[in-house]
Amino acid sequence: MSAPAVRHADLLRYRDEFPLLDASVYLNTCSLGARSERSRRRLDAFLADWDELGARAWYKRWLGELDGLREDFGALIGTPAAEVTLASSVSAALAVVASALDPIHRGKRATLEHLAAAGVAAGSGPRPRVVTTALDFPTIGHQWLARAPLGVELVVVPSADGLTVPLQAFETAIDDRTALVATGHVYFTTGARNELRPLAELCHERGALLLIDAYQATGIVPTDVAADGVDVYVSGTLKWLFGGPGTAFGWVRPSLRDALRPTTTGWFSSARQFAFDVDELDLAADGRRYELGTPSIPSAAIARGGLELVREIGVEQVGERTLDLGDLLIRLATDAALDVRAVRAAAGRGGIVPIAVADPKPVVDALAGEGIIVDFRPGVVRCSPAFYNTEDEVRLLVDRLSAHVPAQDRRIS
Ligand SMILES: Cc1ncc(COP(=O)(O)O)c(C=O)c1O
């Protein structure tokens, strides 16, 4: 990718917003994005409102903050705020969605007819299977493994090259008993990116739904969930949204959302939340239908600081710079005879660049001792430069990696 240099220089102005960038050479955004001063100001405002207003802060400020959060998330994926579901983690969002899919697994006639009427493909018989991949984050598989006592079967598609899962591999795994394909937009270990639209088309041709875990993509990969044909999208603020822990979100295609009823629920999903009816459950006809209980307002405040930044700069610009720095890292590391395990084409990856090292932990520790922060997964040092990093920081990383990884440890296959 070739973005004008002036744009890159403009982005570096934002470094002042992130204290962590003074404290270290921080190249680990895929684990935890740095925290901005905007997040601190918003957190301070939350505390001040609490002290000044007590419970009135809910109505005067905090419910409005939650609406703002929905707006922020919706803007990132091309949907209205009302379609967004707030959650405390991707796992929590997935658990609610998984509970709503049970009638599809069991082939409950009324639900299938309802789905067909809503134009959502689900076939006519039971669909007990959920397809995921060996490269996906464990919480995806775990949601449906936990439902094995209900008859749900998890099918895990292997990755032949250890880096990607091609469309043909999904094609082989999906059959007329598959309810759902649940996979990542960008894989958390390899950084490989799936193209959403062909995957969605494949799923729908077979009568299956597509769920995308976009935790490693939201904020750096421009996305329009409806146009891409995604049925369920989940993500969170911890990484490329610079929004810290405690805030995640989901989106369920409206026709599907309203045709299903989650059985894992909470009072924030009620259509009349503040009527306080204990004996009636009328689920909301918007994204709140899949919510649970009281959200963490301090987390929301911190998250909104990061989201404000990403929206101000724009996902396209942030993403372009992130991929450019990834390109530079891949090129320099390859020149230094390090074993880069990333997809080379920028369009086929996100912000993660794994470098194979037989025993990565001591290397990551040695780098940390020099103030260079990356992390590791089995067999790889996981590097993830973000828009706020400099090219010199990437050069330094490659230089020090070369010094710390002995030649015999560089290729493990
Ligand atoms: C792709 C992906 N999915 C999910 C998660 C975690 O989700 P949760 O919010 O449930 O902790 C992560 C990272 O922590 C991730 O990288």
# chains A, B, ... in the order shown; residues from 1 in each chain; ligands from 1
>>> residues_near_ligand(ligand="ligand 1", cutoff="9 Å", atoms="only C-alpha atoms and all ligand atoms", output="ChimeraX atom specification")
/A:30-32,87-94,136-140,183-189,213-217,234-239,245-248
>>> residues_around(residues="Asp161 (chain A)", least_positions_apart="6", cutoff="12 Å", atoms="only C-alpha atoms", output="list in words")
Ala134, Leu135, Ala169, Thr190, Ala192, Arg341, Ala342, Val343 and Ser413 of chain A
>>> closest_residue(among="A:Glu280, A:Asp176, A:Glu291, A:Asp399", to="Ala336 (chain A)", atoms="only C-alpha atoms")
A:Asp399
>>> select_by_dssp(residues="region 75-247 of chain A", states="alpha helix (DSSP H)", output="compact mmCIF listing (two decimals) with all heavy atoms, in the first residue's frame")
# COMPACT_ATOMS: atom_id res chain seq x y z
N ALA A 75 -21.42 3.04 13.61
CA ALA A 75 -20.70 3.79 12.57
C ALA A 75 -19.55 2.95 12.00
O ALA A 75 -19.18 3.10 10.84
CB ALA A 75 -20.18 5.10 13.14
N LEU A 76 -18.98 2.09 12.80
CA LEU A 76 -17.84 1.28 12.34
C LEU A 76 -18.25 0.16 11.40
O LEU A 76 -17.44 -0.33 10.62
CB LEU A 76 -17.10 0.65 13.53
CG LEU A 76 -16.43 1.60 14.51
CD1 LEU A 76 -15.82 0.81 15.65
CD2 LEU A 76 -15.35 2.42 13.81
N ILE A 77 -19.50 -0.28 11.50
CA ILE A 77 -19.92 -1.44 10.69
C ILE A 77 -21.09 -1.12 9.77
O ILE A 77 -21.71 -2.01 9.20
CB ILE A 77 -20.25 -2.66 11.59
CG1 ILE A 77 -21.38 -2.34 12.58
CG2 ILE A 77 -18.99 -3.14 12.31
CD1 ILE A 77 -21.92 -3.57 13.32
N VAL A 90 -16.94 -10.47 24.24
CA VAL A 90 -17.40 -11.23 23.08
C VAL A 90 -18.03 -12.55 23.54
O VAL A 90 -19.04 -12.99 23.00
CB VAL A 90 -16.22 -11.44 22.10
CG1 VAL A 90 -16.44 -12.63 21.19
CG2 VAL A 90 -16.01 -10.18 21.26
N SER A 91 -17.43 -13.17 24.56
CA SER A 91 -17.98 -14.44 25.05
C SER A 91 -19.43 -14.27 25.52
O SER A 91 -20.28 -15.12 25.23
CB SER A 91 -17.14 -14.97 26.21
OG SER A 91 -15.81 -15.14 25.82
N ALA A 92 -19.70 -13.17 26.25
CA ALA A 92 -21.07 -12.93 26.73
C ALA A 92 -22.02 -12.73 25.55
O ALA A 92 -23.13 -13.28 25.53
CB ALA A 92 -21.10 -11.72 27.66
N ALA A 93 -21.57 -11.96 24.55
CA ALA A 93 -22.42 -11.73 23.37
C ALA A 93 -22.70 -13.06 22.66
O ALA A 93 -23.83 -13.34 22.25
CB ALA A 93 -21.75 -10.74 22.42
N LEU A 94 -21.67 -13.89 22.55
CA LEU A 94 -21.84 -15.18 21.86
C LEU A 94 -22.78 -16.11 22.61
O LEU A 94 -23.57 -16.83 22.01
CB LEU A 94 -20.48 -15.88 21.73
CG LEU A 94 -19.51 -15.33 20.68
CD1 LEU A 94 -18.17 -16.05 20.79
CD2 LEU A 94 -20.08 -15.48 19.27
N ALA A 95 -22.69 -16.08 23.96
CA ALA A 95 -23.54 -16.98 24.75
C ALA A 95 -25.01 -16.66 24.52
O ALA A 95 -25.85 -17.57 24.42
CB ALA A 95 -23.18 -16.87 26.23
N VAL A 96 -25.34 -15.39 24.42
CA VAL A 96 -26.73 -15.00 24.19
C VAL A 96 -27.18 -15.44 22.79
O VAL A 96 -28.24 -16.02 22.61
CB VAL A 96 -26.92 -13.48 24.38
CG1 VAL A 96 -28.37 -13.09 24.12
CG2 VAL A 96 -26.51 -13.06 25.80
N VAL A 97 -26.33 -15.16 21.80
CA VAL A 97 -26.66 -15.57 20.42
C VAL A 97 -26.82 -17.09 20.35
O VAL A 97 -27.78 -17.61 19.77
CB VAL A 97 -25.57 -15.09 19.43
CG1 VAL A 97 -25.77 -15.73 18.07
CG2 VAL A 97 -25.60 -13.56 19.32
N ALA A 98 -25.87 -17.80 20.96
CA ALA A 98 -25.92 -19.28 20.90
C ALA A 98 -27.23 -19.79 21.48
O ALA A 98 -27.83 -20.73 20.95
CB ALA A 98 -24.73 -19.87 21.64
N SER A 99 -27.70 -19.14 22.54
CA SER A 99 -28.95 -19.61 23.17
C SER A 99 -30.13 -19.45 22.22
O SER A 99 -31.09 -20.21 22.27
CB SER A 99 -29.21 -18.86 24.48
OG SER A 99 -29.77 -17.58 24.24
N ALA A 100 -30.04 -18.43 21.35
CA ALA A 100 -31.17 -18.16 20.44
C ALA A 100 -31.21 -19.13 19.26
O ALA A 100 -32.23 -19.25 18.58
CB ALA A 100 -31.08 -16.72 19.94
N ASP A 102 -30.77 -22.41 19.36
CA ASP A 102 -31.17 -23.79 19.71
C ASP A 102 -32.33 -24.32 18.87
O ASP A 102 -32.29 -25.48 18.43
CB ASP A 102 -31.47 -23.90 21.22
CG ASP A 102 -30.17 -24.00 22.03
OD1 ASP A 102 -29.14 -24.41 21.45
OD2 ASP A 102 -30.18 -23.66 23.22
N PRO A 103 -33.39 -23.52 18.62
CA PRO A 103 -34.50 -24.06 17.81
C PRO A 103 -34.06 -24.45 16.40
O PRO A 103 -34.66 -25.36 15.80
CB PRO A 103 -35.51 -22.91 17.77
CG PRO A 103 -35.15 -22.02 18.90
CD PRO A 103 -33.68 -22.18 19.13
N ILE A 104 -33.04 -23.78 15.87
CA ILE A 104 -32.55 -24.16 14.52
C ILE A 104 -31.84 -25.51 14.63
O ILE A 104 -32.00 -26.39 13.79
CB ILE A 104 -31.60 -23.08 13.95
CG1 ILE A 104 -32.31 -21.73 13.85
CG2 ILE A 104 -31.06 -23.51 12.59
CD1 ILE A 104 -31.47 -20.61 13.28
N HIS A 105 -31.04 -25.67 15.68
CA HIS A 105 -30.36 -26.97 15.86
C HIS A 105 -31.38 -28.10 15.96
O HIS A 105 -31.19 -29.18 15.42
CB HIS A 105 -29.50 -26.96 17.13
CG HIS A 105 -28.39 -25.95 17.10
ND1 HIS A 105 -27.55 -25.81 16.02
CD2 HIS A 105 -27.99 -25.01 18.00
CE1 HIS A 105 -26.67 -24.85 16.27
NE2 HIS A 105 -26.93 -24.35 17.46
N ARG A 106 -32.46 -27.82 16.68
CA ARG A 106 -33.45 -28.89 16.90
C ARG A 106 -34.43 -29.02 15.73
O ARG A 106 -35.22 -29.96 15.70
CB ARG A 106 -34.24 -28.61 18.19
CG ARG A 106 -33.42 -28.91 19.45
CD ARG A 106 -34.27 -28.82 20.70
NE ARG A 106 -34.45 -27.44 21.12
CZ ARG A 106 -35.60 -26.81 21.19
NH1 ARG A 106 -36.72 -27.43 20.87
NH2 ARG A 106 -35.68 -25.56 21.58
N ARG A 109 -40.16 -26.53 13.98
CA ARG A 109 -40.88 -26.11 12.76
C ARG A 109 -41.28 -24.64 12.80
O ARG A 109 -41.08 -23.91 11.83
CB ARG A 109 -42.10 -27.02 12.55
CG ARG A 109 -42.92 -26.65 11.33
CD ARG A 109 -43.05 -27.76 10.32
NE ARG A 109 -43.55 -29.00 10.90
CZ ARG A 109 -44.83 -29.41 10.85
NH1 ARG A 109 -45.73 -28.65 10.27
NH2 ARG A 109 -45.20 -30.55 11.37
N ALA A 110 -41.86 -24.20 13.92
CA ALA A 110 -42.37 -22.82 13.99
C ALA A 110 -41.24 -21.81 13.73
O ALA A 110 -41.42 -20.83 13.00
CB ALA A 110 -43.00 -22.57 15.34
N THR A 111 -40.06 -22.09 14.31
CA THR A 111 -38.94 -21.16 14.12
C THR A 111 -38.48 -21.17 12.67
O THR A 111 -38.22 -20.12 12.08
CB THR A 111 -37.76 -21.54 15.05
OG1 THR A 111 -38.23 -21.58 16.37
CG2 THR A 111 -36.62 -20.53 14.92
N LEU A 112 -38.38 -22.36 12.08
CA LEU A 112 -37.91 -22.45 10.69
C LEU A 112 -38.88 -21.74 9.75
O LEU A 112 -38.46 -21.05 8.81
CB LEU A 112 -37.71 -23.91 10.27
CG LEU A 112 -36.65 -24.67 11.08
CD1 LEU A 112 -36.43 -26.07 10.50
CD2 LEU A 112 -35.32 -23.92 11.13
N GLU A 113 -40.18 -21.88 10.02
CA GLU A 113 -41.17 -21.19 9.18
C GLU A 113 -41.05 -19.68 9.33
O GLU A 113 -41.10 -18.93 8.37
CB GLU A 113 -42.59 -21.66 9.55
CG GLU A 113 -42.87 -23.04 8.97
CD GLU A 113 -44.20 -23.65 9.48
OE1 GLU A 113 -44.95 -22.94 10.21
OE2 GLU A 113 -44.45 -24.81 9.15
N HIS A 114 -40.84 -19.29 10.59
CA HIS A 114 -40.67 -17.86 10.89
C HIS A 114 -39.45 -17.31 10.13
O HIS A 114 -39.49 -16.25 9.52
CB HIS A 114 -40.46 -17.71 12.39
CG HIS A 114 -40.76 -16.35 12.91
ND1 HIS A 114 -41.23 -16.12 14.17
CD2 HIS A 114 -40.64 -15.14 12.35
CE1 HIS A 114 -41.41 -14.83 14.35
NE2 HIS A 114 -41.04 -14.21 13.26
N LEU A 115 -38.36 -18.08 10.16
CA LEU A 115 -37.12 -17.66 9.48
C LEU A 115 -37.34 -17.60 7.97
O LEU A 115 -36.91 -16.64 7.32
CB LEU A 115 -35.97 -18.61 9.82
CG LEU A 115 -35.41 -18.49 11.23
CD1 LEU A 115 -34.43 -19.61 11.52
CD2 LEU A 115 -34.73 -17.14 11.43
N ALA A 116 -38.02 -18.62 7.45
CA ALA A 116 -38.26 -18.64 6.00
C ALA A 116 -39.08 -17.41 5.61
O ALA A 116 -38.78 -16.74 4.61
CB ALA A 116 -38.96 -19.93 5.61
N ALA A 117 -40.10 -17.10 6.41
CA ALA A 117 -40.94 -15.93 6.12
C ALA A 117 -40.12 -14.64 6.17
O ALA A 117 -40.38 -13.68 5.45
CB ALA A 117 -42.10 -15.87 7.11
N PRO A 138 -10.56 -19.59 21.00
CA PRO A 138 -11.24 -20.73 21.66
C PRO A 138 -12.66 -20.44 22.13
O PRO A 138 -13.49 -21.36 22.12
CB PRO A 138 -10.34 -21.02 22.87
CG PRO A 138 -9.02 -20.38 22.56
CD PRO A 138 -9.25 -19.30 21.55
N THR A 139 -12.95 -19.22 22.50
CA THR A 139 -14.30 -18.97 23.03
C THR A 139 -15.38 -19.28 22.00
O THR A 139 -16.51 -19.62 22.37
CB THR A 139 -14.42 -17.51 23.57
OG1 THR A 139 -15.55 -17.45 24.43
CG2 THR A 139 -14.56 -16.48 22.47
N ILE A 140 -15.04 -19.23 20.72
CA ILE A 140 -16.04 -19.57 19.70
C ILE A 140 -16.39 -21.06 19.81
O ILE A 140 -17.54 -21.44 19.98
CB ILE A 140 -15.51 -19.26 18.28
CG1 ILE A 140 -15.33 -17.76 18.13
CG2 ILE A 140 -16.47 -19.80 17.22
CD1 ILE A 140 -15.15 -17.33 16.71
N GLY A 141 -15.37 -21.91 19.75
CA GLY A 141 -15.62 -23.35 19.86
C GLY A 141 -16.29 -23.70 21.17
O GLY A 141 -17.24 -24.51 21.21
N HIS A 142 -15.83 -23.06 22.25
CA HIS A 142 -16.35 -23.42 23.57
C HIS A 142 -17.86 -23.19 23.70
O HIS A 142 -18.55 -23.94 24.38
CB HIS A 142 -15.61 -22.63 24.66
CG HIS A 142 -14.16 -22.99 24.76
ND1 HIS A 142 -13.27 -22.34 25.59
CD2 HIS A 142 -13.43 -23.94 24.11
CE1 HIS A 142 -12.06 -22.86 25.45
NE2 HIS A 142 -12.14 -23.84 24.57
N GLN A 143 -18.35 -22.11 23.06
CA GLN A 143 -19.80 -21.83 23.15
C GLN A 143 -20.62 -23.03 22.71
O GLN A 143 -21.65 -23.35 23.31
CB GLN A 143 -20.19 -20.65 22.26
CG GLN A 143 -19.59 -19.33 22.64
CD GLN A 143 -19.90 -18.94 24.06
OE1 GLN A 143 -20.99 -19.22 24.58
NE2 GLN A 143 -18.95 -18.31 24.71
N TRP A 144 -20.15 -23.69 21.63
CA TRP A 144 -20.98 -24.78 21.08
C TRP A 144 -20.56 -26.13 21.65
O TRP A 144 -21.39 -27.02 21.72
CB TRP A 144 -20.99 -24.68 19.55
CG TRP A 144 -21.94 -23.56 19.19
CD1 TRP A 144 -23.30 -23.63 19.17
CD2 TRP A 144 -21.61 -22.19 18.89
NE1 TRP A 144 -23.84 -22.40 18.88
CE2 TRP A 144 -22.84 -21.50 18.69
CE3 TRP A 144 -20.42 -21.48 18.77
CZ2 TRP A 144 -22.90 -20.14 18.38
CZ3 TRP A 144 -20.47 -20.13 18.45
CH2 TRP A 144 -21.70 -19.47 18.27
N LEU A 145 -19.32 -26.27 22.10
CA LEU A 145 -18.97 -27.49 22.83
C LEU A 145 -19.81 -27.59 24.10
O LEU A 145 -20.24 -28.67 24.50
CB LEU A 145 -17.48 -27.48 23.19
CG LEU A 145 -16.51 -27.73 22.04
CD1 LEU A 145 -15.06 -27.55 22.51
CD2 LEU A 145 -16.70 -29.12 21.44
N LEU A 167 -11.66 -20.87 1.17
CA LEU A 167 -13.11 -21.04 1.02
C LEU A 167 -13.47 -22.51 0.75
O LEU A 167 -14.47 -23.01 1.27
CB LEU A 167 -13.58 -20.14 -0.14
CG LEU A 167 -15.06 -19.81 -0.17
CD1 LEU A 167 -15.50 -19.09 1.09
CD2 LEU A 167 -15.38 -18.97 -1.41
N GLN A 168 -12.63 -23.19 -0.05
CA GLN A 168 -12.94 -24.60 -0.38
C GLN A 168 -13.00 -25.46 0.87
O GLN A 168 -13.76 -26.42 0.93
CB GLN A 168 -11.89 -25.21 -1.32
CG GLN A 168 -11.77 -24.53 -2.66
CD GLN A 168 -10.71 -23.43 -2.59
OE1 GLN A 168 -10.90 -22.43 -1.89
NE2 GLN A 168 -9.61 -23.61 -3.30
N ALA A 169 -12.19 -25.12 1.88
CA ALA A 169 -12.19 -25.92 3.11
C ALA A 169 -13.52 -25.74 3.85
O ALA A 169 -14.08 -26.69 4.41
CB ALA A 169 -11.03 -25.52 4.01
N PHE A 170 -14.05 -24.50 3.82
CA PHE A 170 -15.38 -24.28 4.42
C PHE A 170 -16.43 -25.05 3.62
O PHE A 170 -17.33 -25.65 4.18
CB PHE A 170 -15.72 -22.79 4.42
CG PHE A 170 -15.01 -21.99 5.49
CD1 PHE A 170 -13.93 -21.18 5.17
CD2 PHE A 170 -15.43 -22.04 6.81
CE1 PHE A 170 -13.28 -20.45 6.15
CE2 PHE A 170 -14.79 -21.30 7.80
CZ PHE A 170 -13.71 -20.50 7.45
N GLU A 171 -16.27 -24.98 2.29
CA GLU A 171 -17.25 -25.61 1.40
C GLU A 171 -17.39 -27.10 1.72
O GLU A 171 -18.49 -27.64 1.79
CB GLU A 171 -16.77 -25.42 -0.04
CG GLU A 171 -17.86 -25.53 -1.04
CD GLU A 171 -17.43 -24.98 -2.39
OE1 GLU A 171 -16.31 -24.42 -2.52
OE2 GLU A 171 -18.23 -25.13 -3.32
N THR A 172 -16.24 -27.74 1.97
CA THR A 172 -16.26 -29.17 2.27
C THR A 172 -16.95 -29.44 3.61
O THR A 172 -17.59 -30.47 3.79
CB THR A 172 -14.81 -29.70 2.34
OG1 THR A 172 -14.13 -29.22 1.19
CG2 THR A 172 -14.74 -31.20 2.41
N ALA A 173 -16.80 -28.49 4.55
CA ALA A 173 -17.30 -28.75 5.91
C ALA A 173 -18.79 -28.46 6.08
O ALA A 173 -19.42 -28.99 6.99
CB ALA A 173 -16.49 -27.91 6.90
N LEU A 196 -15.40 -11.60 3.57
CA LEU A 196 -16.69 -11.94 4.16
C LEU A 196 -17.76 -12.31 3.14
O LEU A 196 -18.51 -13.27 3.32
CB LEU A 196 -17.20 -10.78 5.03
CG LEU A 196 -16.29 -10.39 6.20
CD1 LEU A 196 -16.96 -9.32 7.05
CD2 LEU A 196 -15.92 -11.60 7.06
N ARG A 197 -17.83 -11.55 2.04
CA ARG A 197 -18.96 -11.75 1.14
C ARG A 197 -18.99 -13.16 0.52
O ARG A 197 -20.03 -13.83 0.56
CB ARG A 197 -19.02 -10.68 0.07
CG ARG A 197 -20.41 -10.66 -0.56
CD ARG A 197 -20.59 -9.62 -1.58
NE ARG A 197 -20.25 -8.30 -1.08
CZ ARG A 197 -20.59 -7.18 -1.68
NH1 ARG A 197 -21.28 -7.24 -2.78
NH2 ARG A 197 -20.23 -6.02 -1.19
N PRO A 198 -17.87 -13.67 -0.03
CA PRO A 198 -17.93 -15.03 -0.59
C PRO A 198 -18.29 -16.08 0.46
O PRO A 198 -19.01 -17.04 0.18
CB PRO A 198 -16.51 -15.27 -1.13
CG PRO A 198 -15.87 -13.94 -1.19
CD PRO A 198 -16.58 -13.04 -0.23
N LEU A 199 -17.80 -15.86 1.68
CA LEU A 199 -18.11 -16.81 2.76
C LEU A 199 -19.61 -16.76 3.07
O LEU A 199 -20.25 -17.81 3.25
CB LEU A 199 -17.26 -16.44 3.98
CG LEU A 199 -17.17 -17.44 5.12
CD1 LEU A 199 -16.78 -18.83 4.63
CD2 LEU A 199 -16.16 -16.95 6.17
N ALA A 200 -20.16 -15.55 3.13
CA ALA A 200 -21.59 -15.41 3.42
C ALA A 200 -22.41 -16.06 2.30
O ALA A 200 -23.39 -16.77 2.56
CB ALA A 200 -21.96 -13.94 3.56
N GLU A 201 -21.99 -15.84 1.05
CA GLU A 201 -22.75 -16.42 -0.07
C GLU A 201 -22.73 -17.94 0.01
O GLU A 201 -23.76 -18.61 -0.17
CB GLU A 201 -22.16 -15.95 -1.40
CG GLU A 201 -22.63 -14.53 -1.74
CD GLU A 201 -21.85 -13.88 -2.87
OE1 GLU A 201 -21.01 -14.56 -3.49
OE2 GLU A 201 -22.09 -12.68 -3.11
N LEU A 202 -21.56 -18.50 0.33
CA LEU A 202 -21.45 -19.95 0.46
C LEU A 202 -22.38 -20.47 1.56
O LEU A 202 -23.13 -21.45 1.36
CB LEU A 202 -19.99 -20.32 0.77
CG LEU A 202 -19.72 -21.77 1.14
CD1 LEU A 202 -20.00 -22.68 -0.06
CD2 LEU A 202 -18.28 -21.95 1.60
N CYS A 203 -22.35 -19.81 2.72
CA CYS A 203 -23.21 -20.25 3.84
C CYS A 203 -24.67 -20.21 3.42
O CYS A 203 -25.42 -21.17 3.65
CB CYS A 203 -23.01 -19.34 5.05
SG CYS A 203 -21.39 -19.51 5.80
N HIS A 204 -25.07 -19.11 2.81
CA HIS A 204 -26.49 -18.94 2.50
C HIS A 204 -26.96 -19.91 1.42
O HIS A 204 -28.09 -20.41 1.49
CB HIS A 204 -26.77 -17.48 2.10
CG HIS A 204 -26.49 -16.52 3.24
ND1 HIS A 204 -26.28 -15.18 3.08
CD2 HIS A 204 -26.37 -16.75 4.58
CE1 HIS A 204 -26.05 -14.62 4.26
NE2 HIS A 204 -26.10 -15.56 5.19
N GLU A 205 -26.07 -20.20 0.45
CA GLU A 205 -26.42 -21.22 -0.56
C GLU A 205 -26.76 -22.54 0.10
O GLU A 205 -27.58 -23.31 -0.38
CB GLU A 205 -25.22 -21.50 -1.48
CG GLU A 205 -25.11 -20.60 -2.68
CD GLU A 205 -23.71 -20.67 -3.27
OE1 GLU A 205 -23.02 -21.71 -3.08
OE2 GLU A 205 -23.30 -19.68 -3.89
N VAL A 225 -21.53 -4.63 7.46
CA VAL A 225 -22.02 -5.97 7.76
C VAL A 225 -23.21 -6.40 6.90
O VAL A 225 -23.27 -7.54 6.45
CB VAL A 225 -22.40 -6.15 9.26
CG1 VAL A 225 -21.19 -6.42 10.10
CG2 VAL A 225 -23.20 -4.97 9.78
N ALA A 226 -24.12 -5.46 6.67
CA ALA A 226 -25.32 -5.83 5.90
C ALA A 226 -24.93 -6.12 4.45
O ALA A 226 -25.32 -7.15 3.89
CB ALA A 226 -26.35 -4.71 5.97
N ALA A 227 -24.12 -5.26 3.86
CA ALA A 227 -23.72 -5.45 2.46
C ALA A 227 -22.88 -6.72 2.30
O ALA A 227 -22.94 -7.39 1.27
CB ALA A 227 -22.96 -4.23 1.96
N ASP A 228 -22.10 -7.03 3.32
CA ASP A 228 -21.24 -8.22 3.23
C ASP A 228 -22.01 -9.52 3.46
O ASP A 228 -21.44 -10.61 3.32
CB ASP A 228 -20.09 -8.13 4.24
CG ASP A 228 -19.01 -7.17 3.76
OD1 ASP A 228 -18.96 -6.90 2.54
OD2 ASP A 228 -18.24 -6.68 4.60
>>> atom_distance(atom1="CA of Thr322 (chain A)", atom2="CA of Glu393 (chain A)")
13.2 Å
>>> closest_residue(among="A:Pro360, A:Pro80, A:Gly229, A:Gly350", to="Leu210 (chain A)", atoms="only C-alpha atoms")
A:Gly229
>>> atom_distance(atom1="CA of Gly306 (chain A)", atom2="CA of Gly243 (chain A)")
4.7 Å
>>> residues_around(residues="region 307-320 of chain A", least_positions_apart="2", cutoff="7 Å", atoms="only C-alpha atoms", output="number ranges by chain")
A: 72, 219-222, 241, 243, 303-305, 322-324, 387
>>> atom_distance(atom1="CA of Arg288 (chain A)", atom2="CA of Ala259 (chain A)")
14.2 Å
>>> select_by_dssp(residues="region 19-107 of chain A", states="strand (DSSP E or B)", output="number ranges by chain")
A: 25-26, 28, 84-87
>>> residues_around(residues="Leu401 (chain A)", least_positions_apart="6", cutoff="10 Å", atoms="only C-alpha atoms", output="list in words")
Ala333, Ala336, Leu338, Ile355, Val357, Val363, Val364, Ala366, Leu367, Ile372, Val381 and Arg395 of chain A
>>> write_last_selection(atoms="N, CA and C atoms", output="PDB file, in the first residue's frame")
ATOM      1  N   ALA A 333      11.921  -8.098   8.179  1.00  0.00           N
ATOM      2  CA  ALA A 333      12.169  -9.368   8.883  1.00  0.00           C
ATOM      3  C   ALA A 333      12.576 -10.457   7.885  1.00  0.00           C
ATOM      4  N   ALA A 336      16.054 -10.009   7.024  1.00  0.00           N
ATOM      5  CA  ALA A 336      16.934 -10.385   8.134  1.00  0.00           C
ATOM      6  C   ALA A 336      16.921 -11.897   8.372  1.00  0.00           C
ATOM      7  N   LEU A 338      14.510 -13.818   9.140  1.00  0.00           N
ATOM      8  CA  LEU A 338      13.565 -14.298  10.152  1.00  0.00           C
ATOM      9  C   LEU A 338      12.428 -15.001   9.403  1.00  0.00           C
ATOM     10  N   ILE A 355       6.082 -14.169  13.742  1.00  0.00           N
ATOM     11  CA  ILE A 355       7.423 -14.581  13.304  1.00  0.00           C
ATOM     12  C   ILE A 355       7.763 -15.871  14.053  1.00  0.00           C
ATOM     13  N   VAL A 357       9.421 -18.719  15.955  1.00  0.00           N
ATOM     14  CA  VAL A 357      10.588 -18.879  16.826  1.00  0.00           C
ATOM     15  C   VAL A 357      10.319 -20.144  17.647  1.00  0.00           C
ATOM     16  N   VAL A 363      12.458 -14.974  24.176  1.00  0.00           N
ATOM     17  CA  VAL A 363      12.735 -13.874  23.238  1.00  0.00           C
ATOM     18  C   VAL A 363      11.862 -12.661  23.582  1.00  0.00           C
ATOM     19  N   VAL A 364      10.570 -12.939  23.833  1.00  0.00           N
ATOM     20  CA  VAL A 364       9.642 -11.844  24.167  1.00  0.00           C
ATOM     21  C   VAL A 364      10.069 -11.192  25.489  1.00  0.00           C
ATOM     22  N   ALA A 366      13.165 -11.083  26.688  1.00  0.00           N
ATOM     23  CA  ALA A 366      14.405 -10.325  26.460  1.00  0.00           C
ATOM     24  C   ALA A 366      14.089  -8.985  25.791  1.00  0.00           C
ATOM     25  N   LEU A 367      13.146  -9.010  24.839  1.00  0.00           N
ATOM     26  CA  LEU A 367      12.752  -7.750  24.184  1.00  0.00           C
ATOM     27  C   LEU A 367      12.112  -6.805  25.204  1.00  0.00           C
ATOM     28  N   ILE A 372      10.887  -3.202  24.518  1.00  0.00           N
ATOM     29  CA  ILE A 372      10.139  -3.470  23.279  1.00  0.00           C
ATOM     30  C   ILE A 372       9.064  -4.503  23.599  1.00  0.00           C
ATOM     31  N   VAL A 381       6.493 -15.395  17.751  1.00  0.00           N
ATOM     32  CA  VAL A 381       6.459 -14.071  18.378  1.00  0.00           C
ATOM     33  C   VAL A 381       5.415 -13.294  17.583  1.00  0.00           C
ATOM     34  N   ARG A 395      11.806  -0.877  12.698  1.00  0.00           N
ATOM     35  CA  ARG A 395      13.217  -1.236  12.394  1.00  0.00           C
ATOM     36  C   ARG A 395      13.913  -1.753  13.647  1.00  0.00           C
TER      37      ARG A 395
END
>>> closest_residue(among="A:Ala34, A:Asp282, A:Leu397, A:Asp359", to="Gly371 (chain A)", atoms="only C-alpha atoms")
A:Leu397
>>> closest_residue(among="A:Pro354, A:Thr85, A:Leu332, A:Pro406", to="Asp392 (chain A)", atoms="only C-alpha atoms")
A:Leu332
>>> decode(residues="region 16-20 of chain A", atoms="N, CA and C atoms", output="PDB file, in the first residue's frame")
ATOM      1  N   ASP A  16       1.036  11.745  21.027  1.00  0.00           N
ATOM      2  CA  ASP A  16       0.958  12.453  22.318  1.00  0.00           C
ATOM      3  C   ASP A  16      -0.249  12.025  23.144  1.00  0.00           C
ATOM      4  N   GLU A  17      -1.235  11.461  22.471  1.00  0.00           N
ATOM      5  CA  GLU A  17      -2.450  11.052  23.187  1.00  0.00           C
ATOM      6  C   GLU A  17      -2.253   9.757  23.973  1.00  0.00           C
ATOM      7  N   PHE A  18      -1.133   9.061  23.741  1.00  0.00           N
ATOM      8  CA  PHE A  18      -0.968   7.715  24.312  1.00  0.00           C
ATOM      9  C   PHE A  18       0.283   7.649  25.191  1.00  0.00           C
ATOM     10  N   PRO A  19       0.146   7.804  26.515  1.00  0.00           N
ATOM     11  CA  PRO A  19       1.305   7.791  27.408  1.00  0.00           C
ATOM     12  C   PRO A  19       2.162   6.529  27.266  1.00  0.00           C
ATOM     13  N   LEU A  20       1.529   5.410  26.967  1.00  0.00           N
ATOM     14  CA  LEU A  20       2.269   4.153  26.867  1.00  0.00           C
ATOM     15  C   LEU A  20       3.368   4.218  25.801  1.00  0.00           C
TER      16      LEU A  20
END
